[in-house]
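The structure file structure05.cif is reproduced below (mmCIF, N, CA and C atoms and all ligand atoms).
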```cif
data_query
#
loop_
_atom_site.label_atom_id
_atom_site.label_comp_id
_atom_site.auth_asym_id
_atom_site.auth_seq_id
_atom_site.Cartn_x
_atom_site.Cartn_y
_atom_site.Cartn_z
N MET D 180 0.86 -1.18 0.00
CA MET D 180 0.00 0.00 0.00
C MET D 180 0.90 1.24 0.00
N PRO D 181 0.75 2.09 -0.97
CA PRO D 181 1.56 3.31 -1.00
C PRO D 181 1.26 4.23 0.20
N MET D 182 2.24 5.06 0.52
CA MET D 182 2.07 6.03 1.60
C MET D 182 2.09 7.44 1.02
N MET D 183 1.15 8.24 1.45
CA MET D 183 1.10 9.63 1.02
C MET D 183 1.48 10.52 2.21
N THR D 184 2.41 11.40 1.98
CA THR D 184 2.78 12.38 3.00
C THR D 184 2.09 13.69 2.64
N VAL D 185 1.40 14.25 3.63
CA VAL D 185 0.62 15.46 3.37
C VAL D 185 1.27 16.64 4.10
N GLU D 186 1.79 17.56 3.31
CA GLU D 186 2.38 18.78 3.86
C GLU D 186 1.32 19.88 3.92
N PRO D 187 1.42 20.85 4.83
CA PRO D 187 2.64 21.23 5.54
C PRO D 187 2.87 20.48 6.85
N ASP D 188 2.00 19.54 7.22
CA ASP D 188 2.14 18.90 8.53
C ASP D 188 2.93 17.61 8.51
N GLY D 189 3.21 17.07 7.33
CA GLY D 189 3.94 15.81 7.26
C GLY D 189 3.12 14.61 7.69
N GLU D 190 1.79 14.74 7.67
CA GLU D 190 0.92 13.64 8.08
C GLU D 190 1.05 12.48 7.10
N LYS D 191 1.01 11.26 7.61
CA LYS D 191 1.14 10.06 6.78
C LYS D 191 -0.24 9.45 6.54
N VAL D 192 -0.59 9.28 5.27
CA VAL D 192 -1.91 8.75 4.90
C VAL D 192 -1.71 7.58 3.93
N PRO D 193 -1.99 6.35 4.36
CA PRO D 193 -1.89 5.21 3.45
C PRO D 193 -2.92 5.31 2.33
N VAL D 194 -2.56 4.83 1.14
CA VAL D 194 -3.43 4.89 -0.02
C VAL D 194 -3.66 3.48 -0.55
N LYS D 195 -4.92 3.05 -0.57
CA LYS D 195 -5.24 1.74 -1.14
C LYS D 195 -5.22 1.80 -2.66
N ALA D 196 -5.04 0.65 -3.28
CA ALA D 196 -4.98 0.58 -4.75
C ALA D 196 -6.22 1.21 -5.36
N GLY D 197 -6.01 2.12 -6.30
CA GLY D 197 -7.11 2.73 -7.02
C GLY D 197 -7.75 3.92 -6.32
N GLU D 198 -7.37 4.20 -5.10
CA GLU D 198 -7.96 5.33 -4.39
C GLU D 198 -7.37 6.64 -4.90
N THR D 199 -8.23 7.64 -4.96
CA THR D 199 -7.73 8.98 -5.27
C THR D 199 -7.10 9.58 -4.00
N ILE D 200 -6.38 10.67 -4.19
CA ILE D 200 -5.80 11.38 -3.04
C ILE D 200 -6.89 11.77 -2.05
N LEU D 201 -7.99 12.31 -2.57
CA LEU D 201 -9.08 12.75 -1.70
C LEU D 201 -9.74 11.57 -0.99
N ASP D 202 -9.97 10.48 -1.71
CA ASP D 202 -10.57 9.30 -1.08
C ASP D 202 -9.67 8.76 0.03
N ALA D 203 -8.37 8.75 -0.23
CA ALA D 203 -7.44 8.25 0.79
C ALA D 203 -7.52 9.10 2.05
N MET D 204 -7.60 10.40 1.88
CA MET D 204 -7.70 11.27 3.05
C MET D 204 -9.01 11.02 3.79
N TYR D 205 -10.12 11.00 3.07
CA TYR D 205 -11.42 10.81 3.72
C TYR D 205 -11.51 9.42 4.37
N ASN D 206 -11.04 8.40 3.66
CA ASN D 206 -11.11 7.04 4.21
C ASN D 206 -10.15 6.82 5.37
N SER D 207 -9.24 7.75 5.56
CA SER D 207 -8.32 7.68 6.70
C SER D 207 -8.72 8.66 7.80
N GLY D 208 -9.90 9.23 7.69
CA GLY D 208 -10.42 10.07 8.77
C GLY D 208 -10.09 11.54 8.66
N TYR D 209 -9.61 11.99 7.50
CA TYR D 209 -9.29 13.41 7.32
C TYR D 209 -10.32 14.08 6.42
N ALA D 210 -10.36 15.40 6.52
CA ALA D 210 -11.22 16.17 5.65
C ALA D 210 -10.38 17.14 4.85
N TYR D 211 -10.84 17.45 3.66
CA TYR D 211 -10.24 18.49 2.84
C TYR D 211 -11.37 19.10 2.03
N ARG D 212 -11.13 20.30 1.54
CA ARG D 212 -12.21 20.96 0.82
C ARG D 212 -12.61 20.14 -0.41
N ILE D 213 -13.88 20.22 -0.68
CA ILE D 213 -14.43 19.35 -1.73
C ILE D 213 -15.54 20.07 -2.46
N GLY D 214 -15.62 19.84 -3.74
CA GLY D 214 -16.68 20.44 -4.54
C GLY D 214 -17.41 19.36 -5.30
N CYS D 215 -17.14 19.30 -6.59
CA CYS D 215 -17.90 18.40 -7.48
C CYS D 215 -17.49 16.93 -7.35
N ARG D 216 -16.27 16.66 -6.93
CA ARG D 216 -15.68 15.31 -6.88
C ARG D 216 -15.66 14.64 -8.25
N ARG D 217 -15.73 15.43 -9.30
CA ARG D 217 -15.78 14.85 -10.65
C ARG D 217 -14.79 15.50 -11.59
N GLY D 218 -13.81 16.21 -11.05
CA GLY D 218 -12.80 16.80 -11.92
C GLY D 218 -13.28 17.98 -12.72
N GLY D 219 -14.25 18.72 -12.17
CA GLY D 219 -14.81 19.82 -12.95
C GLY D 219 -14.72 21.20 -12.32
N CYS D 220 -14.49 21.29 -11.01
CA CYS D 220 -14.57 22.61 -10.36
C CYS D 220 -13.22 23.15 -9.92
N ALA D 221 -12.25 22.30 -9.72
CA ALA D 221 -10.88 22.68 -9.37
C ALA D 221 -10.68 23.12 -7.93
N ILE D 222 -11.68 23.02 -7.09
CA ILE D 222 -11.52 23.47 -5.71
C ILE D 222 -10.57 22.57 -4.92
N CYS D 223 -10.39 21.35 -5.39
CA CYS D 223 -9.62 20.36 -4.63
C CYS D 223 -8.15 20.30 -5.04
N LYS D 224 -7.67 21.31 -5.72
CA LYS D 224 -6.28 21.28 -6.19
C LYS D 224 -5.29 21.13 -5.04
N VAL D 225 -4.26 20.34 -5.28
CA VAL D 225 -3.13 20.22 -4.36
C VAL D 225 -1.86 20.25 -5.20
N ASP D 226 -0.74 20.44 -4.53
CA ASP D 226 0.55 20.41 -5.23
C ASP D 226 1.20 19.05 -5.00
N LEU D 227 1.57 18.42 -6.09
CA LEU D 227 2.28 17.14 -6.01
C LEU D 227 3.77 17.45 -5.94
N LEU D 228 4.38 17.17 -4.78
CA LEU D 228 5.78 17.51 -4.57
C LEU D 228 6.71 16.39 -5.00
N THR D 229 6.33 15.15 -4.71
CA THR D 229 7.11 13.99 -5.15
C THR D 229 6.15 12.88 -5.58
N GLY D 230 6.63 12.01 -6.46
CA GLY D 230 5.84 10.88 -6.92
C GLY D 230 5.02 11.23 -8.15
N GLU D 231 4.20 10.27 -8.57
CA GLU D 231 3.40 10.44 -9.78
C GLU D 231 1.97 10.01 -9.54
N VAL D 232 1.07 10.56 -10.33
CA VAL D 232 -0.35 10.19 -10.23
C VAL D 232 -0.89 9.88 -11.62
N ASP D 233 -1.97 9.10 -11.61
CA ASP D 233 -2.70 8.81 -12.85
C ASP D 233 -4.11 9.39 -12.73
N TYR D 234 -4.70 9.66 -13.87
CA TYR D 234 -6.11 10.07 -13.92
C TYR D 234 -6.88 8.95 -14.62
N ALA D 235 -7.49 8.09 -13.81
CA ALA D 235 -8.21 6.95 -14.37
C ALA D 235 -9.55 7.38 -14.95
N LYS D 236 -10.10 8.47 -14.44
CA LYS D 236 -11.38 8.98 -14.93
C LYS D 236 -11.13 10.37 -15.53
N PRO D 237 -12.02 10.81 -16.40
CA PRO D 237 -11.78 12.08 -17.09
C PRO D 237 -11.78 13.29 -16.18
N VAL D 238 -11.02 14.28 -16.61
CA VAL D 238 -10.94 15.57 -15.93
C VAL D 238 -11.24 16.63 -16.98
N CYS D 239 -12.03 17.63 -16.60
CA CYS D 239 -12.36 18.70 -17.53
C CYS D 239 -11.08 19.40 -18.02
N ASP D 240 -10.97 19.61 -19.31
CA ASP D 240 -9.76 20.21 -19.90
C ASP D 240 -9.44 21.58 -19.33
N THR D 241 -10.47 22.29 -18.90
CA THR D 241 -10.24 23.68 -18.47
C THR D 241 -9.81 23.82 -17.02
N VAL D 242 -9.86 22.77 -16.23
CA VAL D 242 -9.54 22.93 -14.81
C VAL D 242 -8.05 22.84 -14.51
N LEU D 243 -7.29 22.20 -15.36
CA LEU D 243 -5.84 22.12 -15.18
C LEU D 243 -5.16 22.55 -16.47
N THR D 244 -4.41 23.63 -16.39
CA THR D 244 -3.69 24.07 -17.57
C THR D 244 -2.45 23.19 -17.76
N ASP D 245 -1.88 23.25 -18.95
CA ASP D 245 -0.65 22.49 -19.20
C ASP D 245 0.45 22.93 -18.23
N GLN D 246 0.51 24.23 -17.97
CA GLN D 246 1.54 24.74 -17.06
C GLN D 246 1.33 24.20 -15.64
N GLU D 247 0.07 24.17 -15.19
CA GLU D 247 -0.20 23.62 -13.86
C GLU D 247 0.20 22.15 -13.79
N ARG D 248 -0.13 21.40 -14.81
CA ARG D 248 0.25 19.98 -14.82
C ARG D 248 1.77 19.83 -14.76
N ALA D 249 2.45 20.66 -15.53
CA ALA D 249 3.91 20.60 -15.56
C ALA D 249 4.52 20.96 -14.21
N GLU D 250 3.82 21.86 -13.49
CA GLU D 250 4.34 22.30 -12.19
C GLU D 250 3.89 21.39 -11.04
N GLY D 251 3.11 20.36 -11.34
CA GLY D 251 2.74 19.41 -10.30
C GLY D 251 1.39 19.64 -9.65
N THR D 252 0.62 20.56 -10.18
CA THR D 252 -0.72 20.74 -9.63
C THR D 252 -1.57 19.53 -10.01
N CYS D 253 -2.33 19.03 -9.07
CA CYS D 253 -3.24 17.94 -9.45
C CYS D 253 -4.57 18.10 -8.72
N LEU D 254 -5.57 17.43 -9.24
CA LEU D 254 -6.91 17.44 -8.64
C LEU D 254 -7.01 16.25 -7.71
N SER D 255 -7.15 16.53 -6.42
CA SER D 255 -7.13 15.44 -5.45
C SER D 255 -8.32 14.50 -5.59
N CYS D 256 -9.41 14.96 -6.18
CA CYS D 256 -10.59 14.10 -6.32
C CYS D 256 -10.45 13.09 -7.45
N ARG D 257 -9.49 13.28 -8.34
CA ARG D 257 -9.32 12.39 -9.49
C ARG D 257 -7.94 11.74 -9.57
N ALA D 258 -6.95 12.35 -8.95
CA ALA D 258 -5.58 11.86 -9.08
C ALA D 258 -5.36 10.63 -8.21
N VAL D 259 -4.88 9.56 -8.83
CA VAL D 259 -4.61 8.30 -8.14
C VAL D 259 -3.09 8.10 -8.06
N PRO D 260 -2.52 8.08 -6.85
CA PRO D 260 -1.07 7.89 -6.74
C PRO D 260 -0.62 6.55 -7.33
N ARG D 261 0.50 6.60 -8.05
CA ARG D 261 1.09 5.37 -8.59
C ARG D 261 1.91 4.64 -7.55
N GLY D 262 2.37 5.36 -6.56
CA GLY D 262 3.19 4.81 -5.48
C GLY D 262 3.25 5.86 -4.39
N ASP D 263 4.32 5.86 -3.62
CA ASP D 263 4.45 6.86 -2.57
C ASP D 263 4.46 8.26 -3.18
N VAL D 264 3.74 9.16 -2.56
CA VAL D 264 3.70 10.55 -3.04
C VAL D 264 3.79 11.49 -1.85
N THR D 265 4.18 12.72 -2.15
CA THR D 265 4.09 13.81 -1.18
C THR D 265 3.29 14.91 -1.82
N ILE D 266 2.27 15.37 -1.11
CA ILE D 266 1.45 16.46 -1.62
C ILE D 266 1.48 17.62 -0.63
N ARG D 267 1.13 18.80 -1.10
CA ARG D 267 1.00 19.96 -0.22
C ARG D 267 -0.39 20.55 -0.43
N LEU D 268 -1.12 20.68 0.68
CA LEU D 268 -2.44 21.31 0.62
C LEU D 268 -2.27 22.80 0.38
N ARG D 269 -3.30 23.41 -0.16
CA ARG D 269 -3.23 24.83 -0.48
C ARG D 269 -3.97 25.65 0.56
N ASP D 270 -3.23 26.54 1.22
CA ASP D 270 -3.83 27.47 2.19
C ASP D 270 -4.65 26.76 3.26
N GLU D 271 -4.25 25.55 3.59
CA GLU D 271 -5.05 24.79 4.55
C GLU D 271 -4.16 23.74 5.19
N ARG D 272 -4.47 23.42 6.44
CA ARG D 272 -3.79 22.32 7.13
C ARG D 272 -4.70 21.11 7.06
N ILE D 273 -4.11 19.93 7.12
CA ILE D 273 -4.93 18.72 7.11
C ILE D 273 -5.75 18.67 8.40
N ARG D 274 -7.00 18.27 8.27
CA ARG D 274 -7.91 18.23 9.42
C ARG D 274 -8.33 16.79 9.71
N LEU D 275 -7.99 16.33 10.90
CA LEU D 275 -8.40 14.99 11.32
C LEU D 275 -9.81 15.08 11.90
N THR D 276 -10.75 14.33 11.30
CA THR D 276 -12.13 14.39 11.77
C THR D 276 -12.58 13.06 12.38
N ASN D 277 -11.82 12.00 12.15
CA ASN D 277 -12.18 10.70 12.71
C ASN D 277 -10.90 9.93 13.05
N ALA D 278 -10.49 10.04 14.30
CA ALA D 278 -9.22 9.43 14.73
C ALA D 278 -9.26 7.91 14.63
N MET D 279 -10.45 7.30 14.80
CA MET D 279 -10.52 5.84 14.72
C MET D 279 -10.25 5.35 13.31
N LEU D 280 -10.76 6.06 12.30
CA LEU D 280 -10.48 5.68 10.91
C LEU D 280 -8.99 5.76 10.62
N ARG D 281 -8.36 6.82 11.12
CA ARG D 281 -6.92 6.99 10.93
C ARG D 281 -6.17 5.81 11.56
N GLN D 282 -6.54 5.47 12.78
CA GLN D 282 -5.88 4.38 13.49
C GLN D 282 -6.08 3.05 12.74
N TYR D 283 -7.29 2.84 12.25
CA TYR D 283 -7.60 1.60 11.54
C TYR D 283 -6.80 1.49 10.25
N ARG D 284 -6.74 2.59 9.50
CA ARG D 284 -6.02 2.59 8.23
C ARG D 284 -4.51 2.37 8.45
N LEU D 285 -3.97 3.02 9.46
CA LEU D 285 -2.54 2.85 9.75
C LEU D 285 -2.25 1.42 10.18
N ALA D 286 -3.17 0.79 10.92
CA ALA D 286 -3.00 -0.60 11.32
C ALA D 286 -3.01 -1.52 10.10
N GLN D 287 -3.90 -1.22 9.14
CA GLN D 287 -3.93 -2.00 7.89
C GLN D 287 -2.60 -1.88 7.15
N TYR D 288 -2.09 -0.67 7.12
CA TYR D 288 -0.82 -0.41 6.43
C TYR D 288 0.31 -1.21 7.10
N GLU D 289 0.36 -1.17 8.41
CA GLU D 289 1.41 -1.89 9.15
C GLU D 289 1.30 -3.39 8.89
N LYS D 290 0.08 -3.91 8.88
CA LYS D 290 -0.14 -5.34 8.66
C LYS D 290 0.34 -5.75 7.27
N GLU D 291 0.02 -4.93 6.27
CA GLU D 291 0.45 -5.23 4.90
C GLU D 291 1.95 -5.12 4.73
N SER D 292 2.56 -4.24 5.48
CA SER D 292 3.99 -3.98 5.33
C SER D 292 4.86 -5.00 6.06
N SER D 293 4.26 -5.75 7.00
CA SER D 293 5.08 -6.70 7.79
C SER D 293 5.13 -8.07 7.14
S1 LIG D 301 -13.82 18.47 -6.26
FE1 LIG D 301 -14.25 19.46 -8.15
S2 LIG D 301 -12.48 19.08 -9.34
FE2 LIG D 301 -12.10 18.01 -7.50
#
```

Produce structure tokens that represent the structure in this file.
Amino acid sequence: MPMMTVEPDGEKVPVKAGETILDAMYNSGYAYRIGCRRGGCAICKVDLLTGEVDYAKPVCDTVLTDQERAEGTCLSCRAVPRGDVTIRLRDERIRLTNAMLRQYRLAQYEKESS
């Protein structure tokens, strides 16, 4: 299971196969701003600092410019990490809303890694 590091806090969020960045955060008990969840509004943009992502589902052509893609901007609701990644939230800190989900996900990660 890949690990996602979320800056600016350095929080560790495991990512299951096929999960988007946003799904991984929500399924691990965190919240982040959200709009359409369909790659159309751009409210969920994050900066990809390390690693690579895929877009398994379509994204509106107008929400990410070529320059943004080149600079590592990605849509967290559609971007699926290929492996370990580091992202940076924009003007926001990661918010833990369900500590039990976080604990459960981290335990799954530890079990898979051992
Ligand atoms: S929530 Fe609208 S593009 Fe991601």

Which polymer residues have any atom within 8 Å of an atom of region 244-255 of chain D, counting only C-alpha atoms, with same-chain residues fewer than 5 positions away left out, as a ChimeraX atom specification? /D:199-201,218,221,223-228

Among listed residues D:Pro237, D:Asp202, D:Arg257, D:Gly208, nearest Leu285 (chain D) (using only C-alpha atoms): D:Gly208

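For the choices D:Ala258, D:Val238, D:Asp188, D:Ser293, the atom-to-atom distance to Glu271 (chain D) is smallest for D:Asp188 when using only N, CA and C atoms.
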
Mind listing the residues within 5 Å of ligand LIG 301 (chain D), all atoms listed in the file counted, as a PyMOL selection string? chain D and resi 213-223+256

Compute the distance from (-2.5, 6.9, -12.3) to each atom, counting only N, CA and C atoms, keep the residues with any atom at most 6.5 Å away, and return them as a list in words; use the coordinates of the file. Glu231, Val232, Asp233, Tyr234, Ala235, Ala258, Val259, Pro260 and Arg261 of chain D

Mind pulling up the distance from CA of Gly262 (chain D) to atom C of Lys290 (chain D)?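 Interatomic distance, atom C of Lys290 (chain D) to CA of Gly262 (chain D): 16.8 Å.
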
If I only want region 208-223 of chain D, can you write it with N, CA, C and O atoms, as a PDB file, in the first residue's frame?
```pdb
ATOM      1  N   GLY D 208      -9.904   9.235   7.693  1.00  0.00           N
ATOM      2  CA  GLY D 208     -10.417  10.070   8.766  1.00  0.00           C
ATOM      3  C   GLY D 208     -10.091  11.538   8.664  1.00  0.00           C
ATOM      4  O   GLY D 208     -10.278  12.282   9.626  1.00  0.00           O
ATOM      5  N   TYR D 209      -9.612  11.990   7.498  1.00  0.00           N
ATOM      6  CA  TYR D 209      -9.292  13.406   7.321  1.00  0.00           C
ATOM      7  C   TYR D 209     -10.316  14.076   6.418  1.00  0.00           C
ATOM      8  O   TYR D 209     -10.988  13.415   5.621  1.00  0.00           O
ATOM      9  N   ALA D 210     -10.358  15.396   6.522  1.00  0.00           N
ATOM     10  CA  ALA D 210     -11.224  16.171   5.649  1.00  0.00           C
ATOM     11  C   ALA D 210     -10.382  17.144   4.846  1.00  0.00           C
ATOM     12  O   ALA D 210      -9.325  17.588   5.297  1.00  0.00           O
ATOM     13  N   TYR D 211     -10.837  17.455   3.664  1.00  0.00           N
ATOM     14  CA  TYR D 211     -10.238  18.494   2.842  1.00  0.00           C
ATOM     15  C   TYR D 211     -11.371  19.099   2.029  1.00  0.00           C
ATOM     16  O   TYR D 211     -12.416  18.482   1.855  1.00  0.00           O
ATOM     17  N   ARG D 212     -11.128  20.295   1.541  1.00  0.00           N
ATOM     18  CA  ARG D 212     -12.214  20.961   0.816  1.00  0.00           C
ATOM     19  C   ARG D 212     -12.607  20.143  -0.409  1.00  0.00           C
ATOM     20  O   ARG D 212     -11.784  19.527  -1.071  1.00  0.00           O
ATOM     21  N   ILE D 213     -13.881  20.218  -0.684  1.00  0.00           N
ATOM     22  CA  ILE D 213     -14.425  19.353  -1.730  1.00  0.00           C
ATOM     23  C   ILE D 213     -15.545  20.074  -2.460  1.00  0.00           C
ATOM     24  O   ILE D 213     -16.282  20.861  -1.872  1.00  0.00           O
ATOM     25  N   GLY D 214     -15.624  19.841  -3.738  1.00  0.00           N
ATOM     26  CA  GLY D 214     -16.681  20.437  -4.535  1.00  0.00           C
ATOM     27  C   GLY D 214     -17.414  19.358  -5.298  1.00  0.00           C
ATOM     28  O   GLY D 214     -18.164  18.573  -4.742  1.00  0.00           O
ATOM     29  N   CYS D 215     -17.143  19.298  -6.594  1.00  0.00           N
ATOM     30  CA  CYS D 215     -17.904  18.403  -7.477  1.00  0.00           C
ATOM     31  C   CYS D 215     -17.494  16.930  -7.348  1.00  0.00           C
ATOM     32  O   CYS D 215     -18.275  16.048  -7.623  1.00  0.00           O
ATOM     33  N   ARG D 216     -16.273  16.662  -6.930  1.00  0.00           N
ATOM     34  CA  ARG D 216     -15.683  15.310  -6.880  1.00  0.00           C
ATOM     35  C   ARG D 216     -15.663  14.645  -8.248  1.00  0.00           C
ATOM     36  O   ARG D 216     -15.600  13.429  -8.358  1.00  0.00           O
ATOM     37  N   ARG D 217     -15.728  15.428  -9.304  1.00  0.00           N
ATOM     38  CA  ARG D 217     -15.778  14.853 -10.648  1.00  0.00           C
ATOM     39  C   ARG D 217     -14.787  15.499 -11.593  1.00  0.00           C
ATOM     40  O   ARG D 217     -14.936  15.413 -12.807  1.00  0.00           O
ATOM     41  N   GLY D 218     -13.811  16.211 -11.054  1.00  0.00           N
ATOM     42  CA  GLY D 218     -12.798  16.802 -11.919  1.00  0.00           C
ATOM     43  C   GLY D 218     -13.281  17.982 -12.719  1.00  0.00           C
ATOM     44  O   GLY D 218     -12.756  18.247 -13.798  1.00  0.00           O
ATOM     45  N   GLY D 219     -14.249  18.719 -12.175  1.00  0.00           N
ATOM     46  CA  GLY D 219     -14.807  19.817 -12.948  1.00  0.00           C
ATOM     47  C   GLY D 219     -14.720  21.196 -12.322  1.00  0.00           C
ATOM     48  O   GLY D 219     -14.845  22.192 -13.016  1.00  0.00           O
ATOM     49  N   CYS D 220     -14.495  21.290 -11.012  1.00  0.00           N
ATOM     50  CA  CYS D 220     -14.569  22.607 -10.362  1.00  0.00           C
ATOM     51  C   CYS D 220     -13.216  23.153  -9.919  1.00  0.00           C
ATOM     52  O   CYS D 220     -13.085  24.340  -9.670  1.00  0.00           O
ATOM     53  N   ALA D 221     -12.251  22.301  -9.722  1.00  0.00           N
ATOM     54  CA  ALA D 221     -10.876  22.676  -9.371  1.00  0.00           C
ATOM     55  C   ALA D 221     -10.682  23.122  -7.931  1.00  0.00           C
ATOM     56  O   ALA D 221      -9.590  23.538  -7.570  1.00  0.00           O
ATOM     57  N   ILE D 222     -11.685  23.018  -7.091  1.00  0.00           N
ATOM     58  CA  ILE D 222     -11.525  23.473  -5.710  1.00  0.00           C
ATOM     59  C   ILE D 222     -10.575  22.567  -4.920  1.00  0.00           C
ATOM     60  O   ILE D 222     -10.013  22.977  -3.908  1.00  0.00           O
ATOM     61  N   CYS D 223     -10.386  21.354  -5.392  1.00  0.00           N
ATOM     62  CA  CYS D 223      -9.619  20.362  -4.634  1.00  0.00           C
ATOM     63  C   CYS D 223      -8.150  20.299  -5.041  1.00  0.00           C
ATOM     64  O   CYS D 223      -7.458  19.344  -4.691  1.00  0.00           O
TER      65      CYS D 223
END
```
